[in-house]
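Chemist: data-v5.txt (compact mmCIF, C-alpha atoms and all ligand atoms) pasted underneath:
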```txt
# COMPACT_ATOMS: atom_id res chain seq x y z
CA MET A 226 38.90 19.36 16.30
CA THR A 227 41.43 20.00 13.55
CA GLY A 228 42.31 16.94 11.58
CA LEU A 229 45.99 16.19 11.90
CA GLY A 230 45.88 13.48 9.24
CA SER A 231 45.19 15.72 6.24
CA SER A 232 47.79 15.36 3.56
CA ALA A 233 47.78 17.12 0.21
CA ARG A 234 49.72 14.22 -1.30
CA LYS A 235 47.86 11.01 -2.19
CA PRO A 236 49.94 7.95 -1.33
CA ALA A 237 50.38 5.10 -3.78
CA GLY A 238 48.86 1.64 -3.42
CA VAL A 239 46.21 0.58 -0.97
CA ALA A 240 46.62 3.63 1.30
CA GLY A 241 45.80 5.90 -1.64
CA ALA A 242 42.54 4.03 -2.17
CA VAL A 243 41.29 4.69 1.38
CA ASP A 244 38.27 6.96 1.07
CA GLU A 245 37.85 9.43 3.93
CA GLY A 246 34.24 10.32 3.06
CA ARG A 247 33.14 6.70 2.77
CA LEU A 248 34.75 5.80 6.10
CA TRP A 249 33.08 8.77 7.81
CA THR A 250 29.66 8.00 6.31
CA ARG A 251 29.88 4.41 7.56
CA HIS A 252 30.53 5.71 11.09
CA MET A 253 27.43 7.89 10.89
CA ASP A 254 25.33 5.01 9.50
CA MET A 255 26.57 2.59 12.15
CA ALA A 256 25.86 5.14 14.90
CA ARG A 257 22.15 5.10 14.00
CA HIS A 258 21.87 1.72 15.74
CA GLY A 259 21.40 2.71 19.37
CA ALA A 260 21.54 6.46 18.65
CA LEU A 261 21.06 8.72 21.69
CA ALA A 262 19.64 12.25 21.80
CA ARG A 263 22.97 13.94 22.65
CA GLY A 264 24.80 12.41 19.69
CA GLY A 265 26.15 9.27 21.34
CA VAL A 266 25.28 5.60 21.12
CA ASN A 267 23.86 3.02 23.52
CA ARG A 268 24.39 -0.38 21.92
CA PRO A 269 24.68 -3.00 24.64
CA ALA A 270 26.39 -6.25 23.72
CA LEU A 271 23.99 -8.83 22.24
CA SER A 272 21.05 -6.40 22.27
CA ALA A 273 18.68 -5.90 19.34
CA GLU A 274 20.70 -2.78 18.39
CA ASP A 275 23.88 -4.86 18.41
CA GLY A 276 22.12 -7.37 16.16
CA ARG A 277 21.26 -4.60 13.69
CA ALA A 278 24.84 -3.31 13.76
CA ARG A 279 26.12 -6.82 13.03
CA ARG A 280 23.69 -7.14 10.13
CA LEU A 281 24.92 -3.83 8.70
CA MET A 282 28.55 -4.96 8.96
CA ALA A 283 27.70 -8.27 7.26
CA ASP A 284 25.77 -6.54 4.44
CA TRP A 285 28.64 -4.13 3.79
CA ALA A 286 31.14 -6.99 3.80
CA ARG A 287 29.10 -9.13 1.39
CA ALA A 288 28.89 -6.17 -0.98
CA LEU A 289 32.71 -6.19 -0.92
CA GLY A 290 32.76 -9.89 -1.86
CA CYS A 291 33.53 -11.20 1.65
CA ALA A 292 32.17 -14.34 3.28
CA VAL A 293 30.51 -13.92 6.70
CA PHE A 294 31.11 -16.24 9.65
CA THR A 295 30.28 -16.32 13.31
CA ASP A 296 31.36 -18.62 16.13
CA PRO A 297 29.77 -20.08 19.29
CA VAL A 298 30.34 -16.85 21.29
CA GLY A 299 28.99 -14.63 18.53
CA ASN A 300 32.26 -13.15 17.28
CA LEU A 301 31.52 -11.98 13.75
CA PHE A 302 34.16 -12.46 11.04
CA VAL A 303 34.22 -11.33 7.42
CA ARG A 304 36.83 -12.80 5.13
CA ARG A 305 38.58 -11.61 1.99
CA GLU A 306 40.31 -14.61 0.45
CA GLY A 307 44.03 -14.73 -0.22
CA THR A 308 45.67 -16.17 -3.31
CA GLU A 309 47.42 -19.09 -1.56
CA ALA A 310 45.36 -21.88 -0.08
CA GLY A 311 45.82 -22.96 3.51
CA LEU A 312 47.57 -19.87 4.91
CA ALA A 313 46.47 -18.41 8.25
CA PRO A 314 44.70 -15.05 7.84
CA VAL A 315 45.79 -11.64 8.99
CA LEU A 316 43.06 -10.45 11.34
CA THR A 317 41.91 -6.93 12.17
CA GLY A 318 38.84 -5.48 13.89
CA SER A 319 37.49 -4.36 17.24
CA HIS A 320 33.95 -4.30 18.70
CA LEU A 321 30.47 -2.96 17.94
CA ASP A 322 29.05 -2.89 21.49
CA THR A 323 29.20 0.43 23.36
CA GLN A 324 29.04 1.89 26.82
CA PRO A 325 25.53 2.97 27.99
CA THR A 326 26.41 6.57 27.07
CA GLY A 327 29.09 5.76 24.54
CA GLY A 328 30.29 7.52 21.42
CA LYS A 329 30.32 6.76 17.72
CA PHE A 330 33.97 5.69 17.47
CA ASP A 331 35.04 3.47 20.39
CA GLY A 332 35.14 0.01 18.80
CA SER A 333 33.25 0.88 15.63
CA TYR A 334 36.34 2.57 14.25
CA GLY A 335 38.42 -0.62 14.32
CA VAL A 336 35.70 -2.58 12.54
CA LEU A 337 34.97 0.12 9.97
CA ALA A 338 38.64 0.85 9.32
CA GLY A 339 39.04 -2.89 8.65
CA LEU A 340 36.18 -2.83 6.13
CA GLU A 341 37.66 0.32 4.58
CA ALA A 342 41.01 -1.47 4.23
CA ILE A 343 39.28 -4.33 2.39
CA GLU A 344 37.40 -1.95 0.12
CA ALA A 345 40.63 -0.07 -0.60
CA MET A 346 42.35 -3.37 -1.50
CA ASN A 347 39.48 -4.11 -3.89
CA ASP A 348 39.57 -0.63 -5.43
CA ALA A 349 43.35 -0.69 -5.82
CA GLY A 350 43.21 -4.18 -7.37
CA ILE A 351 45.48 -5.60 -4.68
CA SER A 352 45.49 -9.28 -3.89
CA THR A 353 47.27 -10.80 -0.88
CA HIS A 354 48.80 -14.23 -0.33
CA ARG A 355 47.03 -14.62 2.98
CA PRO A 356 43.34 -14.01 3.62
CA VAL A 357 42.42 -10.82 5.47
CA GLU A 358 39.61 -11.04 8.01
CA VAL A 359 37.77 -8.32 9.91
CA VAL A 360 36.20 -9.25 13.25
CA ALA A 361 33.67 -7.68 15.60
CA TRP A 362 34.39 -9.26 18.99
CA THR A 363 31.47 -10.00 21.32
CA ASN A 364 30.97 -7.91 24.50
CA GLU A 365 34.25 -6.00 24.62
CA GLU A 366 32.95 -3.22 26.85
CA GLY A 367 31.86 -5.30 29.80
CA SER A 368 29.13 -2.84 30.69
CA ARG A 369 26.25 -5.26 30.05
CA PHE A 370 28.01 -8.53 30.86
CA GLN A 371 31.03 -8.62 33.17
CA PRO A 372 33.84 -8.98 32.48
CA GLY A 373 34.50 -7.43 29.08
CA CYS A 374 36.44 -8.86 26.12
CA LEU A 375 34.25 -11.95 26.38
CA GLY A 376 34.57 -12.92 22.72
CA SER A 377 38.31 -12.38 22.45
CA CYS A 378 39.00 -14.18 25.75
CA VAL A 379 37.13 -17.24 24.49
CA PHE A 380 38.85 -17.00 21.11
CA ALA A 381 42.22 -16.90 22.89
CA GLY A 382 41.32 -19.97 24.97
CA ARG A 383 41.30 -18.16 28.32
CA THR A 384 37.86 -19.52 29.09
CA GLY A 385 35.30 -21.86 27.51
CA ALA A 386 32.34 -20.57 25.51
CA ASP A 387 29.72 -22.13 27.79
CA GLU A 388 31.31 -20.71 30.92
CA ALA A 389 31.70 -17.25 29.39
CA LEU A 390 28.11 -17.16 28.12
CA ALA A 391 26.66 -18.17 31.50
CA VAL A 392 27.11 -14.61 32.83
CA ARG A 393 23.93 -12.60 33.39
CA ASP A 394 23.16 -8.92 32.93
CA ARG A 395 21.48 -6.74 35.58
CA ASP A 396 18.04 -7.98 34.46
CA GLY A 397 19.10 -11.60 34.93
CA ILE A 398 19.33 -12.34 31.18
CA ALA A 399 22.10 -14.83 30.46
CA ALA A 400 24.52 -13.97 27.66
CA HIS A 401 23.75 -17.26 25.91
CA ASP A 402 20.03 -16.37 25.77
CA ALA A 403 20.81 -12.89 24.46
CA LEU A 404 23.09 -14.45 21.84
CA ALA A 405 20.43 -16.99 20.85
CA ALA A 406 17.96 -14.15 20.28
CA ILE A 407 20.41 -12.40 17.96
CA ARG A 408 21.30 -15.63 16.20
CA ALA A 409 17.67 -16.13 15.23
CA GLY A 410 18.12 -13.16 12.90
CA GLU A 411 21.40 -14.45 11.43
CA PRO A 412 20.55 -17.77 9.76
CA ASP A 413 22.77 -16.82 6.81
CA PHE A 414 25.97 -16.47 8.90
CA LEU A 415 28.03 -19.66 8.71
CA VAL A 416 29.05 -20.90 12.16
CA ARG A 417 32.62 -22.09 12.58
CA PRO A 418 34.29 -23.47 15.71
CA VAL A 419 35.94 -21.16 18.24
CA GLY A 420 39.50 -20.17 17.40
CA PHE A 421 41.80 -20.65 14.44
CA ASP A 422 45.42 -19.89 13.59
CA VAL A 423 46.01 -16.19 13.10
CA HIS A 424 49.16 -14.98 11.32
CA ALA A 425 48.94 -11.53 12.97
CA TYR A 426 46.30 -9.28 14.56
CA VAL A 427 46.22 -5.48 14.19
CA GLU A 428 43.50 -3.39 15.88
CA ALA A 429 42.80 0.24 15.04
CA HIS A 430 41.14 2.35 17.76
CA ILE A 431 40.70 5.93 18.87
CA GLU A 432 43.23 6.71 21.60
CA GLN A 433 40.61 7.54 24.27
CA GLY A 434 43.19 9.78 25.93
CA PRO A 435 44.73 13.20 25.18
CA LEU A 436 48.33 12.38 24.20
CA LEU A 437 48.14 12.27 20.39
CA GLU A 438 46.07 15.42 20.17
CA LYS A 439 48.47 17.20 22.51
CA ALA A 440 51.46 16.09 20.43
CA ARG A 441 49.58 17.08 17.25
CA VAL A 442 50.17 13.77 15.52
CA PRO A 443 47.49 11.84 13.60
CA VAL A 444 48.75 8.33 14.34
CA GLY A 445 49.87 6.44 17.43
CA ILE A 446 52.00 3.30 17.28
CA VAL A 447 50.81 1.33 20.30
CA THR A 448 53.48 -0.55 22.20
CA GLY A 449 51.30 -2.46 24.70
CA ILE A 450 48.40 -2.26 27.16
CA GLN A 451 48.48 -1.64 30.90
CA GLY A 452 47.15 -4.23 33.35
CA THR A 453 43.59 -4.30 34.71
CA ARG A 454 41.88 -5.89 37.70
CA TRP A 455 38.14 -5.78 38.34
CA PHE A 456 36.45 -6.55 41.64
CA ALA A 457 32.77 -6.91 42.58
CA ILE A 458 32.06 -6.01 46.22
CA GLU A 459 28.86 -6.96 48.03
CA VAL A 460 28.25 -5.44 51.47
CA LEU A 461 25.48 -7.05 53.52
CA GLY A 462 23.95 -5.31 56.53
CA GLU A 463 20.42 -5.35 57.91
CA GLU A 464 17.44 -3.35 56.75
CA ALA A 465 15.80 -1.34 59.53
CA HIS A 466 13.43 1.58 60.09
CA ALA A 467 15.24 4.89 59.48
CA GLY A 468 13.27 6.66 62.19
CA THR A 469 13.56 4.19 65.01
CA MET A 470 16.82 2.21 64.85
CA PRO A 471 19.63 3.92 66.85
CA ARG A 472 22.95 4.25 65.05
CA ARG A 473 24.79 1.91 67.42
CA HIS A 474 22.37 -0.93 66.63
CA ARG A 475 22.46 -0.47 62.89
CA LYS A 476 24.14 -2.64 60.28
CA ASP A 477 24.10 0.05 57.64
CA ALA A 478 25.58 -1.36 54.43
CA PHE A 479 25.90 2.12 52.92
CA VAL A 480 27.94 3.51 55.83
CA ALA A 481 30.25 0.49 55.67
CA ALA A 482 30.62 0.76 51.89
CA VAL A 483 31.47 4.46 52.10
CA ALA A 484 34.18 3.67 54.67
CA MET A 485 35.59 1.04 52.30
CA VAL A 486 35.53 3.44 49.35
CA GLY A 487 37.36 6.12 51.38
CA ALA A 488 40.04 3.64 52.45
CA LEU A 489 40.43 2.27 48.93
CA ASP A 490 40.76 5.79 47.57
CA ARG A 491 43.58 6.43 50.05
CA LEU A 492 45.23 3.09 49.17
CA MET A 493 45.18 3.96 45.48
CA HIS A 494 46.29 7.57 45.91
CA ASP A 495 49.33 8.18 43.76
CA GLU A 496 51.12 11.54 43.48
CA ASP A 497 52.39 10.60 40.02
CA ASP A 498 48.81 9.99 38.80
CA VAL A 499 49.67 6.69 37.13
CA VAL A 500 47.24 4.51 39.10
CA ARG A 501 43.75 4.34 37.59
CA PHE A 502 41.06 3.56 40.16
CA THR A 503 37.34 3.80 39.39
CA ILE A 504 34.13 2.85 41.14
CA GLY A 505 31.70 2.95 38.22
CA ARG A 506 28.72 1.16 39.72
CA PHE A 507 27.39 1.70 43.23
CA GLU A 508 23.96 0.26 44.05
CA VAL A 509 22.18 0.79 47.36
CA SER A 510 19.31 -1.51 48.28
CA PRO A 511 16.44 -1.36 48.82
CA GLY A 512 16.86 2.29 47.78
CA SER A 513 14.13 3.72 50.00
CA PRO A 514 14.65 7.05 51.82
CA ASN A 515 13.37 5.71 55.12
CA THR A 516 14.95 2.25 55.22
CA VAL A 517 18.49 1.68 56.50
CA PRO A 518 20.26 0.09 53.48
CA GLY A 519 20.72 -3.66 53.87
CA ARG A 520 22.87 -4.19 50.81
CA VAL A 521 25.37 -2.30 48.71
CA PHE A 522 26.99 -3.58 45.56
CA PHE A 523 29.88 -1.78 43.95
CA THR A 524 32.52 -2.42 41.33
CA ILE A 525 36.23 -1.55 41.22
CA ASP A 526 38.18 -1.02 38.01
CA PHE A 527 41.90 -0.75 38.84
CA ARG A 528 44.68 -0.40 36.25
CA HIS A 529 48.44 0.03 36.23
CA PRO A 530 51.20 -0.43 33.64
CA ASP A 531 53.53 -2.19 36.11
CA ALA A 532 52.73 -5.82 36.98
CA HIS A 533 54.23 -5.56 40.49
CA THR A 534 52.17 -2.51 41.41
CA LEU A 535 49.07 -4.14 39.90
CA LYS A 536 49.66 -7.09 42.22
CA ARG A 537 50.74 -5.12 45.30
CA LEU A 538 47.78 -2.73 45.33
CA GLY A 539 45.19 -5.14 43.93
CA ASP A 540 46.05 -7.78 46.51
CA GLN A 541 45.18 -5.29 49.29
CA VAL A 542 41.61 -4.67 48.13
CA GLN A 543 40.20 -7.61 50.06
CA ALA A 544 41.91 -6.72 53.38
CA VAL A 545 40.96 -3.03 53.12
CA CYS A 546 37.30 -3.87 52.49
CA ARG A 547 37.19 -6.34 55.39
CA ALA A 548 38.90 -3.88 57.74
CA HIS A 549 36.18 -1.26 57.08
CA ALA A 550 33.11 -3.53 57.08
CA GLY A 551 32.13 -2.60 60.66
CA PRO A 552 29.09 -4.68 61.70
CA CYS A 553 28.40 -5.71 58.09
CA GLN A 554 29.61 -8.65 56.06
CA VAL A 555 31.51 -8.17 52.86
CA GLY A 556 32.04 -10.47 49.88
CA ILE A 557 34.83 -9.68 47.40
CA GLU A 558 35.06 -11.33 44.02
CA GLU A 559 37.81 -10.62 41.52
CA THR A 560 35.98 -10.74 38.19
CA PHE A 561 38.81 -9.87 35.82
CA HIS A 562 42.61 -9.98 35.95
CA ALA A 563 44.76 -9.09 32.96
CA LEU A 564 48.48 -8.40 33.28
CA PRO A 565 50.15 -5.58 31.33
CA CYS A 566 51.21 -6.72 27.88
CA ALA A 567 53.86 -5.63 25.38
CA PHE A 568 52.97 -5.97 21.71
CA ASP A 569 54.91 -8.09 19.25
CA PRO A 570 58.08 -6.42 17.87
CA MET A 571 57.51 -7.74 14.33
CA VAL A 572 54.00 -6.28 14.07
CA VAL A 573 54.94 -3.03 15.85
CA ASP A 574 57.88 -2.71 13.42
CA THR A 575 55.58 -3.24 10.45
CA VAL A 576 53.27 -0.48 11.71
CA ARG A 577 56.28 1.76 12.39
CA ALA A 578 57.72 1.24 8.89
CA THR A 579 54.31 1.83 7.31
CA VAL A 580 53.82 5.09 9.21
CA ARG A 581 57.28 6.23 8.13
CA ASP A 582 56.75 5.26 4.48
CA LEU A 583 53.38 7.03 4.36
CA GLY A 584 55.00 10.11 5.88
CA PHE A 585 52.72 10.59 8.88
CA PRO A 586 54.03 12.23 12.04
CA ALA A 587 53.47 9.67 14.79
CA MET A 588 54.29 8.86 18.39
CA GLU A 589 54.69 5.60 20.27
CA LEU A 590 52.55 5.07 23.35
CA PRO A 591 51.08 2.35 25.55
CA SER A 592 47.30 1.98 25.80
CA GLY A 593 45.54 2.99 29.01
CA ALA A 594 42.28 1.43 27.84
CA ASN A 595 41.77 -2.27 27.51
CA HIS A 596 41.24 -3.84 24.12
CA ASP A 597 40.61 -7.25 22.59
CA ALA A 598 44.18 -6.96 21.26
CA LYS A 599 45.42 -7.77 24.77
CA PHE A 600 44.00 -11.29 24.52
CA LEU A 601 44.93 -11.81 20.89
CA ALA A 602 48.49 -10.96 21.95
CA GLU A 603 48.45 -14.18 24.01
CA ILE A 604 47.99 -16.32 20.89
CA CYS A 605 49.43 -14.45 17.90
CA PRO A 606 51.72 -11.54 16.98
CA THR A 607 49.66 -8.43 17.74
CA ALA A 608 49.81 -4.64 17.68
CA MET A 609 47.50 -1.62 17.57
CA ILE A 610 47.18 1.69 15.73
CA PHE A 611 45.65 4.73 17.48
CA VAL A 612 44.17 7.93 16.11
CA PRO A 613 43.46 11.03 18.24
CA CYS A 614 40.05 11.81 19.67
CA GLU A 615 38.88 15.25 20.67
CA ARG A 616 40.18 16.31 24.12
CA GLY A 617 40.84 12.63 24.80
CA ILE A 618 37.16 12.21 25.69
CA SER A 619 35.70 8.71 25.36
CA HIS A 620 33.02 6.60 27.12
CA ASN A 621 31.01 9.77 26.64
CA GLU A 622 28.39 10.79 24.08
CA ALA A 623 30.61 13.74 23.16
CA GLU A 624 33.38 11.42 21.91
CA SER A 625 34.61 12.78 18.58
CA ALA A 626 37.37 12.27 16.02
CA SER A 627 38.21 14.03 12.79
CA PRO A 628 37.49 12.40 9.41
CA SER A 629 41.07 13.00 8.26
CA ASP A 630 42.63 11.40 11.36
CA LEU A 631 40.31 8.39 11.01
CA ALA A 632 41.38 8.14 7.37
CA ALA A 633 45.08 8.45 8.28
CA GLY A 634 44.75 5.54 10.71
CA ALA A 635 42.85 3.53 8.09
CA GLN A 636 45.63 4.18 5.56
CA VAL A 637 48.21 2.90 8.01
CA LEU A 638 46.00 -0.09 8.82
CA ALA A 639 45.36 -0.97 5.15
CA GLU A 640 49.02 -0.82 4.21
CA THR A 641 50.06 -2.75 7.33
CA LEU A 642 47.53 -5.49 6.57
CA VAL A 643 48.75 -5.81 2.99
CA ARG A 644 52.38 -6.04 4.14
CA LEU A 645 51.56 -8.67 6.76
CA ALA A 646 49.32 -10.64 4.41
CA ASN A 647 52.05 -10.76 1.76
CA ALA A 648 54.88 -11.56 4.17
C1 LIG A 701 37.24 -0.75 27.60
O1 LIG A 701 36.77 0.23 27.11
C2 LIG A 701 38.09 -0.70 28.77
O2 LIG A 701 39.20 -0.16 28.70
O3 LIG A 701 37.65 -1.17 29.82
MN MN A 702 36.96 0.03 22.58
MN MN A 703 35.22 1.23 25.49
```
Mind converting the file's structure to structure tokens?
Ligand code: GLV
Ligand code: MN
Ligand code: MN
Modeler:
Amino acid sequence: MTGLGSSARKPAGVAGAVDEGRLWTRHMDMARHGALARGGVNRPALSAEDGRARRLMADWARALGCAVFTDPVGNLFVRREGTEAGLAPVLTGSHLDTQPTGGKFDGSYGVLAGLEAIEAMNDAGISTHRPVEVVAWTNEEGSRFQPGCLGSCVFAGRTGADEALAVRDRDGIAAHDALAAIRAGEPDFLVRPVGFDVHAYVEAHIEQGPLLEKARVPVGIVTGIQGTRWFAIEVLGEEAHAGTMPRRHRKDAFVAAVAMVGALDRLMHDEDDVVRFTIGRFEVSPGSPNTVPGRVFFTIDFRHPDAHTLKRLGDQVQAVCRAHAGPCQVGIEETFHALPCAFDPMVVDTVRATVRDLGFPAMELPSGANHDAKFLAEICPTAMIFVPCERGISHNEAESASPSDLAAGAQVLAETLVRLANA
């Protein structure tokens, strides 16, 4: 991929101190934790690999003179002090957990761009009135523990820490036990209570879609995030011998589930291609070739930028599944519901002005992917900065981004943080 962020001219101030090579090297070093053979990363939330990634982030931050904190849900914060006591910090960051076949940039970029911004402030000798903190939120992806954005939802007061950490992964391990195992290796991280006043939150992320690359711009000014609803569907039939049980006497959970999936696919069909509808997990039990399946479990991820459509279509999921259950029973649980959000005009304006002053071509766009920023937006002024990724590919080992685009986004982030922290 050609970097769109290259610029012959070195900007003044903190942006000029952003080091493209250093930022790139940190991505490669971080990607060693959970590295996969085809170049991607598998770093499940609260796994041993996640613990090692957190340690690396903390070590880098301490070398930059930052203090390291965690909280009861394992969110990891590093803090560069401001010059005026008692002011709420400006917060940036993202997540270090990945999809099972994830890439090197989804999440890591926001954390590493935040560290790069702090290092650039140090190198440029810039102090800020307010503290600047970088955070790695716990379990953003939601692939190990459902739903995602666990750490940011607790931080934003959507749910309590104990309730959030009671969720279990597919092996039955509770998030609080996984967190306790990681914590054992982090006795030097100071624990502070959940939540604090945040002056503003800015998250940098790869776009995870094709728009910036297509428009040939290195930076995206993100205006908001579309809505998301997740459902967990359990279809219960009756196991039987595949060779002896006639079709009319069967309670085949697979056949019922396939009928539901077909009907849901028709419900979600949209000529304009705005609806996002995904069945990412589909488990058939007991999974034996010669037993009629007695149970199917599948998940639905449904997204739309319009709150009314999100409600109208999402509210039909239950009725469609019941109507196609045949002789089986079906249980439907909505595991996640987040309305579309619009980011804060003050923070978006600050990003916009920074992009203009640094001279980067940019475009404004909403986010199709979910981010912790959606939940921070509920409690403080929030915005995001995107950089392109190759062919818009993400949640894929092949995910890639150019060093110069990553650096362009980090320049915009660093300058935006300084402006907000001195406002
Ligand atoms: C996170 O990657 C999401 O958009 O679900
Ligand atoms: Mn992400
Ligand atoms: Mn992701």
Chemist: Pick from A:Gly264, A:Ala608, A:Val460, A:Thr641: nearest to A:Ala342, with only C-alpha atoms counted?
Modeler: A:Thr641
Chemist: What does the list of residues within 7 Å of ligand MN 702 (chain A) look like if you count only C-alpha atoms and all ligand atoms, written as a list in words?
Modeler: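 So the residues close to ligand MN 702 (chain A) are Ser319, His320, Asp331, Gly332, Glu365, Glu366, His430 and His596 of chain A.
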Chemist: Please produce a file of those selected residues containing C-alpha atoms, as a PDB file, in the coordinates of the input.
Modeler:
```pdb
ATOM      1  CA  SER A 319      37.490  -4.360  17.240  1.00  0.00           C
ATOM      2  CA  HIS A 320      33.950  -4.300  18.700  1.00  0.00           C
ATOM      3  CA  ASP A 331      35.040   3.470  20.390  1.00  0.00           C
ATOM      4  CA  GLY A 332      35.140   0.010  18.800  1.00  0.00           C
ATOM      5  CA  GLU A 365      34.250  -6.000  24.620  1.00  0.00           C
ATOM      6  CA  GLU A 366      32.950  -3.220  26.850  1.00  0.00           C
ATOM      7  CA  HIS A 430      41.140   2.350  17.760  1.00  0.00           C
ATOM      8  CA  HIS A 596      41.240  -3.840  24.120  1.00  0.00           C
TER       9      HIS A 596
END
```
Chemist: So what do you get for atom CA of A:Gly593 versus atom CA of A:Tyr426, distance-wise?
Modeler: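 Result for atom CA of A:Gly593 versus atom CA of A:Tyr426: 19.0 Å, one decimal.
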Chemist: Please, which residues are within 10 Å of (35.2, -9.5, 26.3) by the file's coordinates, counting all atoms listed in the file, and could they come as an MDAnalysis selection string?
Modeler: chainID A and resid 270 320 362:367 370:380 389 595:597 600
Chemist: Mind writing the picked residues with C-alpha atoms as a short mmCIF file (atom, residue, chain, number, x, y, z; two decimals), in the frame of the given file?
Modeler:
```cif
data_model
loop_
_atom_site.label_atom_id
_atom_site.label_comp_id
_atom_site.auth_asym_id
_atom_site.auth_seq_id
_atom_site.Cartn_x
_atom_site.Cartn_y
_atom_site.Cartn_z
CA ALA A 270 26.39 -6.25 23.72
CA HIS A 320 33.95 -4.30 18.70
CA TRP A 362 34.39 -9.26 18.99
CA THR A 363 31.47 -10.00 21.32
CA ASN A 364 30.97 -7.91 24.50
CA GLU A 365 34.25 -6.00 24.62
CA GLU A 366 32.95 -3.22 26.85
CA GLY A 367 31.86 -5.30 29.80
CA PHE A 370 28.01 -8.53 30.86
CA GLN A 371 31.03 -8.62 33.17
CA PRO A 372 33.84 -8.98 32.48
CA GLY A 373 34.50 -7.43 29.08
CA CYS A 374 36.44 -8.86 26.12
CA LEU A 375 34.25 -11.95 26.38
CA GLY A 376 34.57 -12.92 22.72
CA SER A 377 38.31 -12.38 22.45
CA CYS A 378 39.00 -14.18 25.75
CA VAL A 379 37.13 -17.24 24.49
CA PHE A 380 38.85 -17.00 21.11
CA ALA A 389 31.70 -17.25 29.39
CA ASN A 595 41.77 -2.27 27.51
CA HIS A 596 41.24 -3.84 24.12
CA ASP A 597 40.61 -7.25 22.59
CA PHE A 600 44.00 -11.29 24.52
#
```
Chemist: With all atoms listed in the file as the atoms that count, which of A:Thr579, A:Ser619, A:Asn515, A:Ser625 lies nearest to ligand MN 703 (chain A)?
Modeler: A:Ser619
Chemist: Around all of ligand LIG 701 (chain A)'s listed atoms, make the axis-aligned box with 6 Å on each side and tell me centre and edge lengths in Å to one decimal, as lines of an AutoDock Vina configuration file.
Modeler:
```
center_x = 38.0
center_y = -0.5
center_z = 28.5
size_x = 14.4
size_y = 13.4
size_z = 14.7
```
Chemist: Just give me the gap between atom CA of A:Ile343 and atom CA of A:Val239 in Å, one decimal is fine.
Modeler: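 Spanning atom CA of A:Ile343 to atom CA of A:Val239 is a straight-line distance of 9.1 Å.
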Chemist: Have a look at A:Val266, A:Leu631, A:Ala406, A:Ala532 and name the one nearest to ligand MN 703 (chain A); count only C-alpha atoms and all ligand atoms.
Modeler: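 Smallest separation from ligand MN 703 (chain A) among the options: A:Val266.
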Chemist: Between A:Met493, A:Ala488, A:Ala405, A:Val576, which residue has the minimum interatomic distance to A:Arg537, considering all atoms listed in the file?
Modeler: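 Using all atoms listed in the file, A:Arg537 sits closest to A:Met493.
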Chemist: For A:Leu316, which residue out of A:Val357, A:Ala587, A:Leu415, A:Val637 is the nearest one, using only C-alpha atoms?
Modeler: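 Between A:Val357, A:Ala587, A:Leu415, A:Val637, the residue approaching A:Leu316 most closely is A:Val357.
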Chemist: Counting all atoms listed in the file, what is within 8 Å of A:Ala481, bar same-chain residues fewer than 2 positions away, as an mmCIF file with C-alpha atoms, keeping the file's coordinate frame?
Modeler:
```
data_model
loop_
_atom_site.group_PDB
_atom_site.id
_atom_site.type_symbol
_atom_site.label_atom_id
_atom_site.label_comp_id
_atom_site.auth_asym_id
_atom_site.auth_seq_id
_atom_site.Cartn_x
_atom_site.Cartn_y
_atom_site.Cartn_z
ATOM 1 C CA VAL A 460 28.250 -5.440 51.470
ATOM 2 C CA ASP A 477 24.100 0.050 57.640
ATOM 3 C CA ALA A 478 25.580 -1.360 54.430
ATOM 4 C CA PHE A 479 25.900 2.120 52.920
ATOM 5 C CA VAL A 483 31.470 4.460 52.100
ATOM 6 C CA ALA A 484 34.180 3.670 54.670
ATOM 7 C CA MET A 485 35.590 1.040 52.300
ATOM 8 C CA HIS A 549 36.180 -1.260 57.080
ATOM 9 C CA ALA A 550 33.110 -3.530 57.080
ATOM 10 C CA GLY A 551 32.130 -2.600 60.660
ATOM 11 C CA CYS A 553 28.400 -5.710 58.090
#
```
Chemist: Any idea what the distance is between atom CA of A:Ser629 and atom CA of A:Glu245?
Modeler: 6.5 Å
Chemist: Go through A:Arg491, A:Arg472, A:Arg506, A:Arg454 one by one, measure the shortest atom-to-atom distance of each to ligand LIG 701 (chain A) using all atoms listed in the file, and give the residue with the smallest value.
Modeler: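 Closest to ligand LIG 701 (chain A) of all the choices is A:Arg454.
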Chemist: I'd like the contact shell of A:Glu558 - 7 Å cut-off, only C-alpha atoms, skipping same-chain residues fewer than 5 positions apart - returned as a PyMOL selection string.
Modeler: chain A and resi 456-458
Chemist: Please provide the set of residues having any atom within 12 Å of A:Ala482, restricted to only C-alpha atoms, with same-chain residues fewer than 3 positions apart removed, written as a PyMOL selection string.
Modeler: chain A and resi 458-462+476-479+485-489+504+507-509+518-524+545-556
Chemist: Extract, using all atoms listed in the file, all DNA, RNA and protein residues at most 8 Å from A:His252, discarding same-chain residues fewer than 5 positions from it, and format them as number ranges by chain.
Modeler: A: 329-330, 333-334, 337
Chemist: In the coordinates of the file, take the point (47.6, 14.6, 19.5) and a cut-off of 12 Å; then, counting all atoms listed in the file, name each qualifying protein, DNA or RNA residue as an MDAnalysis selection string.
Modeler: chainID A and resid 226:230 431:445 586:590 611:617 626:627 630
